[in-house]
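Visitor: Next comes start_23.txt, compact mmCIF, C-alpha atoms:
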```txt
# COMPACT_ATOMS: atom_id res chain seq x y z
CA MET L 1 74.10 134.71 2.20
CA ILE L 2 75.89 132.19 0.03
CA PRO L 3 74.79 132.78 -3.62
CA PHE L 4 73.76 129.17 -4.25
CA ASN L 5 71.92 130.10 -7.47
CA ARG L 6 75.25 130.99 -9.06
CA LEU L 7 77.31 128.15 -7.61
CA GLY L 8 75.62 125.07 -9.05
CA TRP L 9 78.48 124.25 -11.43
CA ILE L 10 81.00 124.36 -8.55
CA PHE L 11 78.88 122.09 -6.35
CA LYS L 12 78.32 119.69 -9.26
CA ALA L 13 82.07 119.42 -9.77
CA PHE L 14 83.17 119.14 -6.15
CA ALA L 15 80.25 117.62 -4.19
CA PRO L 16 81.30 114.00 -4.83
CA MET L 17 84.63 114.73 -3.14
CA ILE L 18 83.13 116.00 0.12
CA TYR L 19 80.98 112.93 0.74
CA PRO L 20 83.30 110.31 2.23
CA THR L 21 82.87 106.64 1.40
CA TYR L 22 81.52 105.83 4.88
CA ILE L 23 78.75 108.43 4.48
CA ARG L 24 77.82 106.97 1.07
CA GLN L 25 77.74 103.50 2.64
CA SER L 26 75.56 104.70 5.52
CA LEU L 27 73.13 106.12 2.94
CA CYS L 28 73.04 102.77 1.09
CA ASP L 29 72.43 100.95 4.37
CA PHE L 30 69.57 103.38 5.11
CA LEU L 31 67.97 102.81 1.69
CA GLN L 32 68.20 99.00 1.59
CA PRO L 33 65.08 98.21 3.68
CA LEU L 34 62.81 100.46 1.58
CA LYS L 35 60.16 98.75 -0.54
CA LYS L 36 60.73 98.33 -4.28
CA GLY L 37 59.98 101.55 -6.15
CA ALA L 38 59.93 103.65 -2.97
CA LYS L 39 59.44 107.40 -3.32
CA VAL L 40 62.44 109.29 -1.89
CA LEU L 41 62.74 113.06 -1.49
CA ASP L 42 66.12 114.79 -1.11
CA ILE L 43 65.54 118.12 0.68
CA GLY L 44 68.17 120.81 0.23
CA SER L 45 69.43 118.66 -2.60
CA GLY L 46 71.60 121.22 -4.31
CA THR L 47 72.74 119.50 -7.50
CA GLY L 48 71.18 116.20 -6.46
CA ILE L 49 74.30 114.45 -5.20
CA LEU L 50 72.40 112.32 -2.66
CA CYS L 51 70.00 111.30 -5.43
CA GLU L 52 72.98 110.20 -7.52
CA PHE L 53 74.40 108.17 -4.63
CA SER L 54 70.93 106.73 -3.93
CA ALA L 55 70.48 105.62 -7.54
CA ARG L 56 73.81 103.79 -7.38
CA CYS L 57 72.53 101.90 -4.32
CA ARG L 58 68.99 101.25 -5.57
CA GLU L 59 68.09 101.75 -9.23
CA ASP L 60 64.39 101.16 -8.52
CA LEU L 61 63.85 104.24 -6.34
CA GLN L 62 61.64 107.14 -7.47
CA LEU L 63 63.91 110.08 -6.67
CA GLU L 64 62.83 113.69 -6.23
CA ALA L 65 64.97 116.69 -5.29
CA LEU L 66 63.89 119.89 -3.58
CA ASP L 67 65.97 123.05 -3.21
CA PRO L 68 65.19 126.78 -3.16
CA ALA L 69 68.05 127.49 -5.62
CA ARG L 70 67.09 126.91 -9.26
CA GLY L 71 70.76 127.39 -10.17
CA MET L 72 71.58 124.25 -8.20
CA LEU L 73 68.64 122.13 -9.37
CA LYS L 74 69.48 122.63 -13.04
CA TYR L 75 72.50 120.36 -12.48
CA ALA L 76 70.45 117.51 -11.00
CA PRO L 77 70.47 114.23 -12.95
CA SER L 78 67.76 113.97 -15.62
CA TYR L 79 66.16 110.95 -13.90
CA VAL L 80 65.42 113.08 -10.80
CA LYS L 81 62.19 115.09 -10.59
CA THR L 82 63.06 118.55 -9.21
CA HIS L 83 61.09 121.06 -7.14
CA GLU L 84 62.10 124.64 -6.37
CA ALA L 85 60.80 125.22 -2.83
CA TYR L 86 61.73 125.53 0.84
CA ALA L 87 61.75 122.75 3.42
CA GLU L 88 59.54 124.82 5.70
CA ALA L 89 56.69 124.79 3.13
CA LEU L 90 56.83 121.51 1.21
CA PRO L 91 54.62 121.58 -1.92
CA PHE L 92 53.40 118.00 -1.53
CA GLU L 93 50.31 116.20 -0.30
CA SER L 94 50.54 114.46 3.05
CA THR L 95 51.98 110.93 3.42
CA LEU L 96 53.53 110.92 -0.08
CA PHE L 97 57.13 109.79 0.54
CA ASP L 98 58.64 106.59 1.90
CA ALA L 99 61.91 108.31 2.82
CA ILE L 100 63.42 111.79 3.03
CA LEU L 101 67.09 112.71 2.87
CA LEU L 102 68.87 115.82 4.18
CA GLY L 103 72.57 115.92 3.37
CA GLU L 104 74.41 118.92 4.83
CA THR L 105 71.04 120.71 4.78
CA LEU L 106 69.85 121.03 8.36
CA HIS L 107 72.18 123.91 9.18
CA HIS L 108 70.90 125.94 6.19
CA LEU L 109 67.25 125.86 7.28
CA ASN L 110 65.71 129.05 8.63
CA ASP L 111 63.17 127.26 10.85
CA VAL L 112 64.30 123.71 11.63
CA GLU L 113 61.24 122.79 13.71
CA LYS L 114 58.84 123.95 10.97
CA ALA L 115 60.82 121.91 8.43
CA ILE L 116 60.67 118.82 10.68
CA GLN L 117 56.90 119.27 11.01
CA GLU L 118 56.61 119.43 7.21
CA ILE L 119 58.85 116.39 6.78
CA ARG L 120 56.70 114.45 9.24
CA ARG L 121 53.58 115.53 7.34
CA VAL L 122 54.76 114.32 3.92
CA LEU L 123 56.28 111.05 5.18
CA ARG L 124 54.10 107.97 5.03
CA PRO L 125 53.35 106.19 8.31
CA ASP L 126 56.53 104.35 9.26
CA GLY L 127 58.46 106.55 6.77
CA ARG L 128 62.19 107.04 7.20
CA LEU L 129 64.40 110.13 7.52
CA TYR L 130 68.15 110.32 6.87
CA ILE L 131 70.21 113.31 7.98
CA TYR L 132 73.91 113.89 7.43
CA ASP L 133 75.47 117.01 8.95
CA PHE L 134 78.37 118.48 10.88
CA ASP L 135 78.77 118.30 14.65
CA PRO L 136 79.50 121.84 15.91
CA THR L 137 81.18 120.49 19.06
CA GLU L 138 84.05 119.04 16.99
CA TRP L 139 86.71 121.56 15.97
CA ILE L 140 86.21 121.21 12.19
CA GLY L 141 82.43 121.33 12.64
CA ASN L 142 82.83 124.51 14.69
CA ILE L 143 84.99 126.11 11.97
CA ILE L 144 82.35 125.24 9.37
CA ARG L 145 79.63 126.69 11.65
CA LYS L 146 81.57 129.95 12.11
CA GLY L 147 82.24 130.20 8.37
CA GLU L 148 78.55 129.72 7.54
CA LEU L 149 77.52 132.36 10.08
CA PHE L 150 80.14 134.77 8.69
CA LEU L 151 78.66 134.26 5.21
CA GLY L 152 75.15 135.09 6.49
CA GLU L 153 73.72 131.59 6.57
CA PRO L 154 71.28 130.60 9.36
CA GLY L 155 73.91 128.39 11.00
CA ASN L 156 71.42 126.04 12.67
CA PHE L 157 74.00 123.43 13.60
CA PHE L 158 72.79 120.85 16.07
CA LYS L 159 74.75 118.58 18.34
CA PRO L 160 73.64 115.01 17.59
CA GLU L 161 71.84 114.71 20.93
CA GLU L 162 70.00 118.02 20.29
CA ILE L 163 68.58 116.97 16.93
CA LYS L 164 67.56 113.66 18.49
CA VAL L 165 65.41 115.54 21.03
CA VAL L 166 63.80 117.66 18.28
CA LEU L 167 63.01 114.63 16.12
CA GLU L 168 61.57 112.66 19.04
CA LYS L 169 59.34 115.65 19.83
CA TYR L 170 57.78 115.28 16.36
CA GLY L 171 57.23 111.54 16.53
CA PHE L 172 60.42 109.91 15.29
CA SER L 173 62.47 107.09 16.73
CA VAL L 174 66.11 108.06 16.23
CA GLU L 175 69.46 106.35 15.76
CA ILE L 176 72.63 108.47 15.51
CA LYS L 177 76.09 107.46 14.33
CA GLN L 178 79.09 109.69 14.89
CA TYR L 179 81.92 109.91 12.35
CA GLY L 180 84.38 112.41 13.83
CA TYR L 181 83.06 115.89 13.02
CA ARG L 182 80.21 114.40 10.98
CA TYR L 183 77.15 112.44 12.06
CA THR L 184 74.21 110.67 10.50
CA VAL L 185 70.68 110.27 11.75
CA SER L 186 68.45 107.39 10.75
CA ALA L 187 64.94 108.09 12.00
CA ARG L 188 61.56 106.43 11.57
CA ALA L 189 58.13 108.01 11.92
CA VAL L 190 56.32 106.22 14.76
```
Give the structure from the file, written as C-alpha cells.
Guide:
Amino acid sequence: MIPFNRLGWIFKAFAPMIYPTYIRQSLCDFLQPLKKGAKVLDIGSGTGILCEFSARCREDLQLEALDPARGMLKYAPSYVKTHEAYAEALPFESTLFDAILLGETLHHLNDVEKAIQEIRRVLRPDGRLYIYDFDPTEWIGNIIRKGELFLGEPGNFFKPEEIKVVLEKYGFSVEIKQYGYRYTVSARAV
C-alpha cells in the first residue's frame, strides 16, 4: 500500500503539476451550472487540490474534502471542511450535496460499487458527479495501473465505457470525455 499518511507534503507540492489545464477547465465547466452556494464534496481529496481548483472557478461554493489519510487532509486549504473517512461509508446524511468530485480516486477504492451507492445516497436529487481518472487501455494508463497494483493498491481502473455502465446501474445519466490516457465523467442523478 502507498503510505499516503506520510506523503501529504509531496502531494501538496506536486499535485498542481499533474492536473493539466484542460482537466482544470473541464472541472470549471462542470461547476458552472451549480446553484449559488452549492455544497460540493471532494472524495479521495488528498490535500484538497480539486477543492483549490474549484474555489478558483467559483468562490461561492461550500467545499468539503474527504479522505482516509489524515496526513493528506492536514494540507487541505483552511476554507475546506475536512472529513477522515472512506468513500464506501460516507459519514453524511442523505441528499446533502449538490455535487461530488473524484479526481484520480476511483482506482484507489476497495469497493467501487459500494462507493457509488454511497455517492448516490448523499447526492441531492438531480445532483452532479465529476470523475477524473486514467484509462487503462491507453499505454500510460496501463503503466500507472501496473504501478499501483505493484504498490499494493486496489487498482480498480475502469475503461470509460465500463464506469458508464456502473453509474447508469445506480441511476446516473453519464457523459464521458476522453483526453488521451485520461478521461472525465460528468454524471447527473436521475
Visitor: With the cut-off set at 10 Å and counting all atoms listed in the file, tabulate each residue of segment 21-130 of chain L with an atom at most that distance from an atom of segment 160-174 of chain L, showing the nearest atom pair and its distance in Å to one decimal, ordered by chain and increasing number, as a Markdown table.
Guide:
```
| residue | atom | partner | partner_atom | distance |
| --- | --- | --- | --- | --- |
| L:Leu106 | CA | L:Ile163 | CA | 9.6 |
| L:Val112 | CA | L:Val166 | CA | 9.0 |
| L:Glu113 | CA | L:Val166 | CA | 7.3 |
| L:Ile116 | CA | L:Leu167 | CA | 7.3 |
| L:Gln117 | CA | L:Tyr170 | CA | 6.7 |
| L:Ile119 | CA | L:Tyr170 | CA | 9.7 |
| L:Arg120 | CA | L:Tyr170 | CA | 7.2 |
| L:Arg121 | CA | L:Tyr170 | CA | 10.0 |
| L:Asp126 | CA | L:Phe172 | CA | 9.1 |
| L:Gly127 | CA | L:Phe172 | CA | 9.4 |
| L:Arg128 | CA | L:Phe172 | CA | 8.8 |
| L:Leu129 | CA | L:Phe172 | CA | 8.7 |
| L:Tyr130 | CA | L:Val174 | CA | 9.8 |
```
Visitor: May I ask for the distance between atom CA of Pro77 of chain L and atom CA of Asp29 of chain L, given in Å to one decimal place?
Guide: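 These two atoms are separated by 21.9 Å.
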Visitor: May I have the protein, DNA and RNA residues with an atom at most 7 Å from (66.0, 115.0, 0.4), counting all atoms listed in the file in the file's coordinates, returned as a list in words?
Guide: Leu41, Asp42, Ile43, Gly44, Ser45, Ala65, Leu66, Ile100, Leu101 and Leu102 of chain L
Visitor: Is it possible to get the residues within 12 Å of (81.5, 106.3, 11.5) (coordinates as in the file, counting all atoms listed in the file) written as number ranges by chain?
Guide: L: 20-27, 132, 176-185
Visitor: Expressed in Å to a single decimal, how great is the separation between atom CA of Glu84 of chain L and atom CA of Lys146 of chain L?
Guide: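 These two atoms are separated by 27.4 Å.
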Visitor: N, CA and C atoms are what I want for segment 93-122 of chain L; can you complete it accordingly and write them as an mmCIF file, in the frame of the given file?
Guide:
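Output file result04.cif is given in full below:
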```
data_model
loop_
_atom_site.group_PDB
_atom_site.id
_atom_site.type_symbol
_atom_site.label_atom_id
_atom_site.label_comp_id
_atom_site.auth_asym_id
_atom_site.auth_seq_id
_atom_site.Cartn_x
_atom_site.Cartn_y
_atom_site.Cartn_z
ATOM 1 N N GLU L 93 51.402 116.709 -1.126
ATOM 2 C CA GLU L 93 50.310 116.200 -0.300
ATOM 3 C C GLU L 93 50.888 115.400 0.865
ATOM 4 N N SER L 94 50.101 115.208 1.875
ATOM 5 C CA SER L 94 50.540 114.460 3.050
ATOM 6 C C SER L 94 50.768 112.986 2.718
ATOM 7 N N THR L 95 51.648 112.360 3.466
ATOM 8 C CA THR L 95 51.980 110.930 3.420
ATOM 9 C C THR L 95 52.359 110.450 2.008
ATOM 10 N N LEU L 96 53.164 111.228 1.309
ATOM 11 C CA LEU L 96 53.530 110.920 -0.080
ATOM 12 C C LEU L 96 54.834 110.128 -0.198
ATOM 13 N N PHE L 97 55.794 110.357 0.708
ATOM 14 C CA PHE L 97 57.130 109.790 0.540
ATOM 15 C C PHE L 97 57.427 108.670 1.538
ATOM 16 N N ASP L 98 58.193 107.692 1.048
ATOM 17 C CA ASP L 98 58.640 106.590 1.900
ATOM 18 C C ASP L 98 59.881 106.982 2.701
ATOM 19 N N ALA L 99 60.688 107.875 2.142
ATOM 20 C CA ALA L 99 61.910 108.310 2.820
ATOM 21 C C ALA L 99 62.269 109.724 2.389
ATOM 22 N N ILE L 100 62.938 110.427 3.297
ATOM 23 C CA ILE L 100 63.420 111.790 3.030
ATOM 24 C C ILE L 100 64.874 111.860 3.459
ATOM 25 N N LEU L 101 65.663 112.549 2.634
ATOM 26 C CA LEU L 101 67.090 112.710 2.870
ATOM 27 C C LEU L 101 67.423 114.188 3.060
ATOM 28 N N LEU L 102 68.324 114.475 4.011
ATOM 29 C CA LEU L 102 68.870 115.820 4.180
ATOM 30 C C LEU L 102 70.379 115.694 4.351
ATOM 31 N N GLY L 103 71.119 116.015 3.316
ATOM 32 C CA GLY L 103 72.570 115.920 3.370
ATOM 33 C C GLY L 103 73.197 117.300 3.463
ATOM 34 N N GLU L 104 73.805 117.595 4.581
ATOM 35 C CA GLU L 104 74.410 118.920 4.830
ATOM 36 C C GLU L 104 73.382 120.030 4.587
ATOM 37 N N THR L 105 72.163 119.787 5.025
ATOM 38 C CA THR L 105 71.040 120.710 4.780
ATOM 39 C C THR L 105 70.531 121.349 6.056
ATOM 40 N N LEU L 106 70.476 120.578 7.118
ATOM 41 C CA LEU L 106 69.850 121.030 8.360
ATOM 42 C C LEU L 106 70.332 122.420 8.774
ATOM 43 N N HIS L 107 71.630 122.641 8.704
ATOM 44 C CA HIS L 107 72.180 123.910 9.180
ATOM 45 C C HIS L 107 71.838 125.106 8.285
ATOM 46 N N HIS L 108 71.307 124.849 7.083
ATOM 47 C CA HIS L 108 70.900 125.940 6.190
ATOM 48 C C HIS L 108 69.439 126.354 6.382
ATOM 49 N N LEU L 109 68.677 125.588 7.135
ATOM 50 C CA LEU L 109 67.250 125.860 7.280
ATOM 51 C C LEU L 109 67.007 127.050 8.194
ATOM 52 N N ASN L 110 66.054 127.895 7.808
ATOM 53 C CA ASN L 110 65.710 129.050 8.630
ATOM 54 C C ASN L 110 64.921 128.657 9.868
ATOM 55 N N ASP L 111 64.014 127.690 9.731
ATOM 56 C CA ASP L 111 63.170 127.260 10.850
ATOM 57 C C ASP L 111 63.171 125.728 10.875
ATOM 58 N N VAL L 112 64.102 125.164 11.610
ATOM 59 C CA VAL L 112 64.300 123.710 11.630
ATOM 60 C C VAL L 112 63.045 122.995 12.121
ATOM 61 N N GLU L 113 62.420 123.485 13.173
ATOM 62 C CA GLU L 113 61.240 122.790 13.710
ATOM 63 C C GLU L 113 60.086 122.797 12.704
ATOM 64 N N LYS L 114 59.890 123.899 11.995
ATOM 65 C CA LYS L 114 58.840 123.950 10.970
ATOM 66 C C LYS L 114 59.159 122.948 9.856
ATOM 67 N N ALA L 115 60.419 122.872 9.459
ATOM 68 C CA ALA L 115 60.820 121.910 8.430
ATOM 69 C C ALA L 115 60.581 120.479 8.898
ATOM 70 N N ILE L 116 60.899 120.177 10.145
ATOM 71 C CA ILE L 116 60.670 118.820 10.680
ATOM 72 C C ILE L 116 59.178 118.503 10.693
ATOM 73 N N GLN L 117 58.350 119.480 11.050
ATOM 74 C CA GLN L 117 56.900 119.270 11.010
ATOM 75 C C GLN L 117 56.441 118.948 9.581
ATOM 76 N N GLU L 118 56.967 119.669 8.613
ATOM 77 C CA GLU L 118 56.610 119.430 7.210
ATOM 78 C C GLU L 118 57.107 118.066 6.739
ATOM 79 N N ILE L 119 58.310 117.710 7.139
ATOM 80 C CA ILE L 119 58.850 116.390 6.780
ATOM 81 C C ILE L 119 57.957 115.295 7.343
ATOM 82 N N ARG L 120 57.574 115.445 8.588
ATOM 83 C CA ARG L 120 56.700 114.450 9.240
ATOM 84 C C ARG L 120 55.362 114.350 8.511
ATOM 85 N N ARG L 121 54.870 115.496 8.054
ATOM 86 C CA ARG L 121 53.580 115.530 7.340
ATOM 87 C C ARG L 121 53.643 114.767 6.025
ATOM 88 N N VAL L 122 54.715 114.929 5.258
ATOM 89 C CA VAL L 122 54.760 114.320 3.920
ATOM 90 C C VAL L 122 55.310 112.896 3.934
#
```
